[in-house]
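Below you'll find the structure, written out as structure tokens, and then a few comments.
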Amino acid sequence: MRSSIIAHIDMDAFFAAVEQRDHPELLGKPVVVGADPKKGRGRGVVSTASYEARVYGIHSAMPISKAYRLCPHAVFLPGSMKKYSKVSNQIFDIFYDFTPEIEPISVDEAFLDLTGSFHFYKTPYNTCVALKERIKKETRLTASVGIAPVKMAAKIASDLCKPDGLLEIKEGGLLDFLWPLKIEKLWGVGPKTKETLNRMKIETIGDIARTPLEILRNRFGENGEHLYSLANGIDPRQVVLEEEAKSVSNEHTFERDTADKDEIYRTLLYLSEKVSRRLRKDNLKGKTLTVKIRLADFKTYTRAFTYPERTNFTDTIYRKAKEVFDGFYKSGMKVRLLGVRLSHFNDPYVQENLFEDEKNVRLEKIHRAVDSVKNRFGEDAIRHGFPKSID
Ligand code: TTP
Ligand code: MG
């Protein structure tokens, strides 16, 4: 396999840094962007906190009431997605001046494949120095950049050198870099996997690499193999360009063309569930729903709907898919194939609505719980209740 040069770029304390830039009186002060704390009684969560606020233990996704308790004298701001999106576009325009091979991860974060495009600046390191300088000059903000032969190491590197850092891990130094690090630095090691690994006396990435593959496979199945590969510096994931990652869809062809509404709705629900789950697995939310309908005569129709806010909830997708289908269907039509697609993604962690209400947070938790049961016990472990009589 050819050796790649991947850069991972992530802006520092993005929303808060933009606010500090635009309100210089906030420089050096703890700034929290997120929901209104209402003197500690506010609902909703922290979007991000300036590094000065992080000293108090405040971080993204923390309840705003807790952030208020930790640091009541912090400056709390609602933030403006419009403003941050504008800056986001600016930084992505800069990225595209360096290479077209870009995988956007969120508003302030991307992977760049520099393998074929660093020569102008002679080295990958110099290329990223130039990139950081452009960002600073044009936006007056700082970014941190990790360079490595594989994606996961580039991401870890940018994280470790924050803020305003640049860290290059060369092929020959990859394992020396990875092995002393704690296991939670690896992609895919959440609190639960960490706990299990720690109980097996596995604390560092090097410990994983030294554990026989069989043991990891027995304990974690496929994920065990994945961990083992990552710990040994192997990450086959390539930089996925924007267009390739644009949509998530599922389709179903009926054994026999059908006009049976029950069967059609059941299939739409099944497809919505699958799309919803794949979106959540990849941490994506889509804004545009497209329902594809192929009739018995092979003519294919698509009907789309754009949600006011991005979603990956099964119910939200299913209800709209059904409505879209009903708007299209005329009696006598026989359906050969159905498809459900969600597209138009952005960063799932940026709340569309900074005052995200409790209901959404609760729904999010329910979906995650369903996913984790399905991951452990299989796709059929839980089925959403399907109403017996439909309209
Ligand atoms: P991050 O890059 O995760 O965080 P950050 O840029 O604020 O800080 P860091 O220096 O550690 O990279 O996220 C980018 C922006 O996305 C962040 O400024 C606000 C938003 N965001 C949320 O709204 N909610 C979240 O839970 C997270 C993680 C981020
Ligand atoms: Mg960031």
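Identifiers in the structure tokens: chain A, B, ... in order shown; residue index from 1 per chain; ligand index from 1 in order shown.
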
Quiz prompt | Contacts of ligand 2, 6 Å or closer, only C-alpha atoms and all ligand atoms, given as a ChimeraX atom specification | solution = /A:10-14,108

Next, dump the selected residues to file, keeping only C-alpha atoms, as a tab-separated table (two decimals), in the first residue's frame.
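The result, stored in out_18.tsv:
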```tsv
chain	number	residue	atom	x	y	z
A	10	ASP	CA	-9.19	21.43	14.05
A	11	MET	CA	-9.87	25.01	15.12
A	12	ASP	CA	-9.18	25.84	18.76
A	13	ALA	CA	-12.22	26.45	20.99
A	14	PHE	CA	-13.95	27.41	17.78
A	108	ASP	CA	-14.20	23.38	12.32
```

Can you check which residues of stretch 90-291 of chain A DSSP gives as strand (DSSP E) on the backbone and send them as a short mmCIF file (atom, residue, chain, number, x, y, z; two decimals) with N, CA and C atoms, in the first residue's frame?
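The resulting file, states.cif, is reproduced below:
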```
data_model
loop_
_atom_site.label_atom_id
_atom_site.label_comp_id
_atom_site.auth_asym_id
_atom_site.auth_seq_id
_atom_site.Cartn_x
_atom_site.Cartn_y
_atom_site.Cartn_z
N ILE A 102 -10.23 16.62 0.50
CA ILE A 102 -10.64 17.06 1.83
C ILE A 102 -11.83 16.26 2.32
N GLU A 103 -11.77 15.82 3.53
CA GLU A 103 -12.93 15.17 4.15
C GLU A 103 -13.38 16.05 5.31
N PRO A 104 -14.51 16.75 5.13
CA PRO A 104 -15.00 17.59 6.21
C PRO A 104 -15.54 16.69 7.33
N ILE A 105 -15.18 16.99 8.56
CA ILE A 105 -15.68 16.21 9.69
C ILE A 105 -16.71 17.01 10.48
N SER A 106 -16.47 18.28 10.61
CA SER A 106 -17.46 19.13 11.27
C SER A 106 -17.22 20.56 10.84
N GLU A 109 -13.41 21.26 11.46
CA GLU A 109 -12.48 20.13 11.47
C GLU A 109 -12.52 19.37 10.15
N ALA A 110 -11.33 18.99 9.67
CA ALA A 110 -11.27 18.23 8.42
C ALA A 110 -9.99 17.41 8.33
N PHE A 111 -10.06 16.35 7.53
CA PHE A 111 -8.85 15.64 7.14
C PHE A 111 -8.47 16.12 5.75
N LEU A 112 -7.17 16.33 5.54
CA LEU A 112 -6.65 16.67 4.22
C LEU A 112 -5.65 15.59 3.83
N ASP A 113 -5.81 15.06 2.63
CA ASP A 113 -4.81 14.12 2.15
C ASP A 113 -3.76 14.93 1.38
N ALA A 143 -5.64 27.38 14.59
CA ALA A 143 -6.02 25.98 14.37
C ALA A 143 -4.89 25.10 14.87
N SER A 144 -5.21 23.86 15.18
CA SER A 144 -4.16 22.90 15.50
C SER A 144 -4.14 21.82 14.43
N VAL A 145 -2.95 21.38 14.08
CA VAL A 145 -2.80 20.46 12.96
C VAL A 145 -1.94 19.26 13.35
N GLY A 146 -2.43 18.07 13.04
CA GLY A 146 -1.65 16.86 13.22
C GLY A 146 -1.35 16.27 11.85
N ILE A 147 -0.13 15.82 11.65
CA ILE A 147 0.24 15.18 10.37
C ILE A 147 0.71 13.76 10.69
N ALA A 148 0.22 12.79 9.92
CA ALA A 148 0.63 11.40 10.18
C ALA A 148 0.36 10.56 8.94
N LEU A 166 1.23 22.31 16.03
CA LEU A 166 1.51 21.56 14.80
C LEU A 166 2.41 20.40 15.18
N LEU A 167 1.94 19.20 14.94
CA LEU A 167 2.72 18.02 15.35
C LEU A 167 2.73 17.03 14.20
N GLU A 168 3.94 16.65 13.78
CA GLU A 168 4.05 15.69 12.68
C GLU A 168 4.58 14.35 13.21
N SER A 247 -24.53 11.11 1.06
CA SER A 247 -25.84 10.62 1.48
C SER A 247 -25.78 9.21 2.05
N VAL A 248 -26.81 8.89 2.82
CA VAL A 248 -26.96 7.54 3.35
C VAL A 248 -28.32 7.04 2.90
N SER A 249 -28.34 5.88 2.23
CA SER A 249 -29.64 5.41 1.75
C SER A 249 -29.77 3.90 1.85
N ASN A 250 -31.01 3.45 1.85
CA ASN A 250 -31.31 2.02 1.79
C ASN A 250 -32.48 1.80 0.87
N GLU A 251 -32.45 0.66 0.16
CA GLU A 251 -33.52 0.37 -0.78
C GLU A 251 -34.02 -1.05 -0.58
N HIS A 252 -35.24 -1.27 -1.00
CA HIS A 252 -35.77 -2.63 -0.92
C HIS A 252 -36.59 -2.94 -2.18
N THR A 253 -36.31 -4.06 -2.79
CA THR A 253 -37.11 -4.50 -3.92
C THR A 253 -38.07 -5.59 -3.43
N PHE A 254 -39.34 -5.41 -3.70
CA PHE A 254 -40.33 -6.40 -3.26
C PHE A 254 -40.22 -7.67 -4.07
N GLU A 255 -40.48 -8.78 -3.41
CA GLU A 255 -40.48 -10.06 -4.12
C GLU A 255 -41.51 -10.03 -5.24
N ARG A 256 -42.68 -9.45 -4.86
CA ARG A 256 -43.73 -9.28 -5.87
C ARG A 256 -44.21 -7.84 -5.81
N ASP A 257 -44.43 -7.20 -6.95
CA ASP A 257 -44.91 -5.82 -6.95
C ASP A 257 -46.14 -5.73 -6.07
N THR A 258 -46.23 -4.63 -5.31
CA THR A 258 -47.29 -4.61 -4.30
C THR A 258 -48.08 -3.30 -4.29
N LYS A 285 -26.27 13.68 10.75
CA LYS A 285 -27.68 14.02 10.69
C LYS A 285 -27.93 14.62 9.32
N GLY A 286 -29.05 14.27 8.71
CA GLY A 286 -29.33 14.79 7.37
C GLY A 286 -30.49 15.75 7.40
N LYS A 287 -30.52 16.62 6.42
CA LYS A 287 -31.58 17.62 6.38
C LYS A 287 -32.59 17.29 5.29
N THR A 288 -32.15 16.58 4.24
CA THR A 288 -33.05 16.31 3.13
C THR A 288 -33.38 14.82 3.04
N LEU A 289 -34.68 14.56 3.02
CA LEU A 289 -35.15 13.18 2.89
C LEU A 289 -35.61 12.98 1.45
N THR A 290 -35.17 11.88 0.85
CA THR A 290 -35.64 11.56 -0.49
C THR A 290 -36.24 10.16 -0.48
N VAL A 291 -37.46 10.07 -0.95
CA VAL A 291 -38.09 8.75 -1.07
C VAL A 291 -38.08 8.37 -2.54
#
```

Self-check item: Contact residues around A:Glu214 with only C-alpha atoms at 9 Å, ignoring same-chain residues under 3 positions, as number ranges by chain
Solution: A: 211, 217-219, 224-225

Could you turn the residues from that selection into a file that holds N, CA, C and O atoms, as a PDB file, in the first residue's frame?
```
ATOM      1  N   THR A 211      -1.310  -7.380  23.194  1.00  0.00           N
ATOM      2  CA  THR A 211      -2.275  -8.416  23.571  1.00  0.00           C
ATOM      3  C   THR A 211      -2.518  -9.325  22.363  1.00  0.00           C
ATOM      4  O   THR A 211      -2.718  -8.820  21.255  1.00  0.00           O
ATOM      5  N   ARG A 217     -10.245 -10.501  20.037  1.00  0.00           N
ATOM      6  CA  ARG A 217     -11.335 -10.946  19.167  1.00  0.00           C
ATOM      7  C   ARG A 217     -12.423 -11.624  20.001  1.00  0.00           C
ATOM      8  O   ARG A 217     -13.605 -11.369  19.830  1.00  0.00           O
ATOM      9  N   ASN A 218     -11.994 -12.480  20.918  1.00  0.00           N
ATOM     10  CA  ASN A 218     -12.974 -13.164  21.761  1.00  0.00           C
ATOM     11  C   ASN A 218     -13.771 -12.188  22.603  1.00  0.00           C
ATOM     12  O   ASN A 218     -14.967 -12.362  22.812  1.00  0.00           O
ATOM     13  N   ARG A 219     -13.098 -11.156  23.067  1.00  0.00           N
ATOM     14  CA  ARG A 219     -13.740 -10.218  23.979  1.00  0.00           C
ATOM     15  C   ARG A 219     -14.629  -9.220  23.239  1.00  0.00           C
ATOM     16  O   ARG A 219     -15.727  -8.896  23.659  1.00  0.00           O
ATOM     17  N   GLY A 224     -12.611  -5.819  18.257  1.00  0.00           N
ATOM     18  CA  GLY A 224     -11.325  -6.207  18.827  1.00  0.00           C
ATOM     19  C   GLY A 224     -10.234  -6.203  17.768  1.00  0.00           C
ATOM     20  O   GLY A 224      -9.113  -5.745  18.006  1.00  0.00           O
ATOM     21  N   GLU A 225     -10.595  -6.704  16.598  1.00  0.00           N
ATOM     22  CA  GLU A 225      -9.624  -6.708  15.486  1.00  0.00           C
ATOM     23  C   GLU A 225      -9.281  -5.286  15.076  1.00  0.00           C
ATOM     24  O   GLU A 225      -8.129  -4.969  14.793  1.00  0.00           O
TER      25      GLU A 225
END
```

Exercise. Measuring atom to atom with only C-alpha atoms and all ligand atoms, identify which of A:Tyr51, A:Phe120, A:Phe76, A:Tyr307 is nearest to ligand 1.
Key: A:Tyr51

Each residue of chain A with at least one atom at most 9 Å from ligand 1 should appear once, together with its nearest atom pair and the corresponding distance in Å (one decimal); atoms considered: only C-alpha atoms and all ligand atoms; ordering: chain, then increasing residue number; output as CSV.
```
residue,atom,partner,partner_atom_place_in_ligand_line,distance
A:Asp10,CA,ligand 1,12 (O),5.6
A:Met11,CA,ligand 1,6 (O),5.0
A:Asp12,CA,ligand 1,10 (O),3.3
A:Ala13,CA,ligand 1,7 (O),3.3
A:Phe14,CA,ligand 1,18 (O),3.7
A:Phe15,CA,ligand 1,18 (O),4.0
A:Ala16,CA,ligand 1,18 (O),6.2
A:Ala17,CA,ligand 1,18 (O),7.8
A:Val18,CA,ligand 1,18 (O),8.8
A:Val33,CA,ligand 1,19 (C),7.7
A:Gly34,CA,ligand 1,23 (O),7.4
A:Val45,CA,ligand 1,24 (N),8.0
A:Val46,CA,ligand 1,24 (N),6.7
A:Ser47,CA,ligand 1,23 (O),3.6
A:Thr48,CA,ligand 1,19 (C),4.6
A:Ala49,CA,ligand 1,7 (O),6.3
A:Ser50,CA,ligand 1,7 (O),7.3
A:Tyr51,CA,ligand 1,10 (O),7.7
A:His59,CA,ligand 1,28 (C),8.1
A:Ser60,CA,ligand 1,26 (O),4.4
A:Ala61,CA,ligand 1,26 (O),4.3
A:Met62,CA,ligand 1,26 (O),8.0
A:Tyr84,CA,ligand 1,18 (O),8.7
A:Ser106,CA,ligand 1,14 (C),7.1
A:Val107,CA,ligand 1,14 (C),6.4
A:Asp108,CA,ligand 1,14 (C),5.4
A:Glu109,CA,ligand 1,2 (O),6.4
A:Ala143,CA,ligand 1,10 (O),8.0
A:Ser144,CA,ligand 1,10 (O),7.9
A:Ser158,CA,ligand 1,12 (O),9.0
A:Asp159,CA,ligand 1,11 (O),7.3
A:Lys162,CA,ligand 1,10 (O),6.4
A:Pro163,CA,ligand 1,10 (O),6.3
A:Asp164,CA,ligand 1,10 (O),8.8
A:Asp347,CA,ligand 1,16 (O),7.6
A:Pro348,CA,ligand 1,24 (N),8.1
A:Tyr349,CA,ligand 1,24 (N),4.5
A:Val350,CA,ligand 1,23 (O),3.6
A:Gln351,CA,ligand 1,23 (O),5.3
A:Glu352,CA,ligand 1,23 (O),8.4
A:Leu354,CA,ligand 1,23 (O),7.5
```

Practice problem: Show which residues sit within 9 Å of A:Lys274, as an MDAnalysis selection string. Count only C-alpha atoms, and ignore same-chain residues fewer than 3 positions away. | Solution: chainID A and resid 249:250 269:271 277:279 314

Save the residues we just selected, N, CA and C atoms, as a short mmCIF file (atom, residue, chain, number, x, y, z; two decimals), in the first residue's frame?
```cif
data_model
loop_
_atom_site.label_atom_id
_atom_site.label_comp_id
_atom_site.auth_asym_id
_atom_site.auth_seq_id
_atom_site.Cartn_x
_atom_site.Cartn_y
_atom_site.Cartn_z
N SER A 249 -28.34 5.88 2.23
CA SER A 249 -29.64 5.41 1.75
C SER A 249 -29.77 3.90 1.85
N ASN A 250 -31.01 3.45 1.85
CA ASN A 250 -31.31 2.02 1.79
C ASN A 250 -32.48 1.80 0.87
N LEU A 269 -40.84 1.87 7.13
CA LEU A 269 -40.38 1.92 8.52
C LEU A 269 -39.03 1.19 8.65
N TYR A 270 -38.97 0.03 8.02
CA TYR A 270 -37.73 -0.76 8.05
C TYR A 270 -36.56 0.03 7.45
N LEU A 271 -36.82 0.65 6.30
CA LEU A 271 -35.76 1.42 5.63
C LEU A 271 -35.38 2.65 6.45
N ARG A 277 -30.19 4.39 11.72
CA ARG A 277 -29.14 3.74 12.51
C ARG A 277 -27.76 3.96 11.88
N ARG A 278 -27.71 3.89 10.56
CA ARG A 278 -26.42 4.12 9.90
C ARG A 278 -25.95 5.56 10.10
N LEU A 279 -26.90 6.48 10.07
CA LEU A 279 -26.53 7.88 10.30
C LEU A 279 -25.94 8.04 11.69
N THR A 314 -35.43 7.81 13.83
CA THR A 314 -36.25 6.89 13.05
C THR A 314 -37.65 7.45 12.80
#
```

Self-check item: Selection near A:Ser229, 12 Å with only C-alpha atoms, sequence-local residues under 4 positions removed, as a ChimeraX atom specification
Solution: /A:150,152,175,186-187,205-206,208-213,216-217,222-225,233-237

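You will find atom CA of A:Ile293 at 4.9 Å from atom CA of A:Leu338.
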
Per residue of stretch 54-171 of chain A within 12 Å of stretch 35-43 of chain A, what are the shortest atom pair and its distance in Å to one decimal, counting only C-alpha atoms, with rows by chain and residue number, as a Markdown table?
```
| residue | atom | partner | partner_atom | distance |
| --- | --- | --- | --- | --- |
| A:Ser60 | CA | A:Ala35 | CA | 11.4 |
| A:Ala61 | CA | A:Ala35 | CA | 10.4 |
| A:Met62 | CA | A:Ala35 | CA | 10.5 |
| A:Pro63 | CA | A:Arg43 | CA | 7.1 |
| A:Ile64 | CA | A:Pro37 | CA | 5.5 |
| A:Ser65 | CA | A:Gly40 | CA | 4.4 |
| A:Lys66 | CA | A:Gly40 | CA | 7.2 |
| A:Ala67 | CA | A:Pro37 | CA | 8.1 |
| A:Tyr68 | CA | A:Gly40 | CA | 5.4 |
| A:Arg69 | CA | A:Gly40 | CA | 6.5 |
| A:Leu70 | CA | A:Gly40 | CA | 9.9 |
| A:Cys71 | CA | A:Gly40 | CA | 10.3 |
| A:Pro72 | CA | A:Lys39 | CA | 7.9 |
| A:His73 | CA | A:Lys39 | CA | 10.4 |
| A:Ala74 | CA | A:Pro37 | CA | 10.6 |
| A:Val75 | CA | A:Pro37 | CA | 10.3 |
| A:Phe76 | CA | A:Asp36 | CA | 7.2 |
| A:Leu77 | CA | A:Asp36 | CA | 7.4 |
| A:Pro78 | CA | A:Ala35 | CA | 5.9 |
| A:Gly79 | CA | A:Ala35 | CA | 8.7 |
| A:Ser80 | CA | A:Ala35 | CA | 11.5 |
```

Quiz prompt | Separation of atom CA of A:Pro149 from atom CA of A:Val87, in Å and rounded to one decimal | solution =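 Atom CA of A:Val87 lies 28.4 Å from atom CA of A:Pro149.
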
Practice problem: Check the smallest atom-to-atom distance from each of A:Ile58, A:Phe313, A:Ala7, A:Glu364 to A:Phe98 using only C-alpha atoms, then report the winner. | Solution: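 Answer, going by the shortest atom-to-atom distance: A:Ala7.
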
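Nearest residue to A:Leu141, choosing from A:Ser117, A:Thr196, A:Ser88, A:Ser331 and counting only C-alpha atoms: A:Ser88.
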
Quiz item: Please, which residues of stretch 133-317 of chain A, numbered as in this document, come out helix (DSSP H, G or I) from DSSP, as a ChimeraX atom specification?
Solution: /A:133-139,151-160,171-178,183-185,191-199,205-210,213-220,222-231,242-245,261-281,314-317

Exercise. Quick one: pull the distance between atom CA of A:Tyr301 and atom CA of A:Ala259, Å, one decimal.
Key: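 Between these atoms lies a distance of 16.0 Å.
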
Exercise. Pick out the closest residue to A:Lys192 from this set: A:Tyr125, A:Tyr318, A:Phe220, A:Phe305. Count only C-alpha atoms.
Key: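 Of all the options, A:Phe220 lies closest to A:Lys192.
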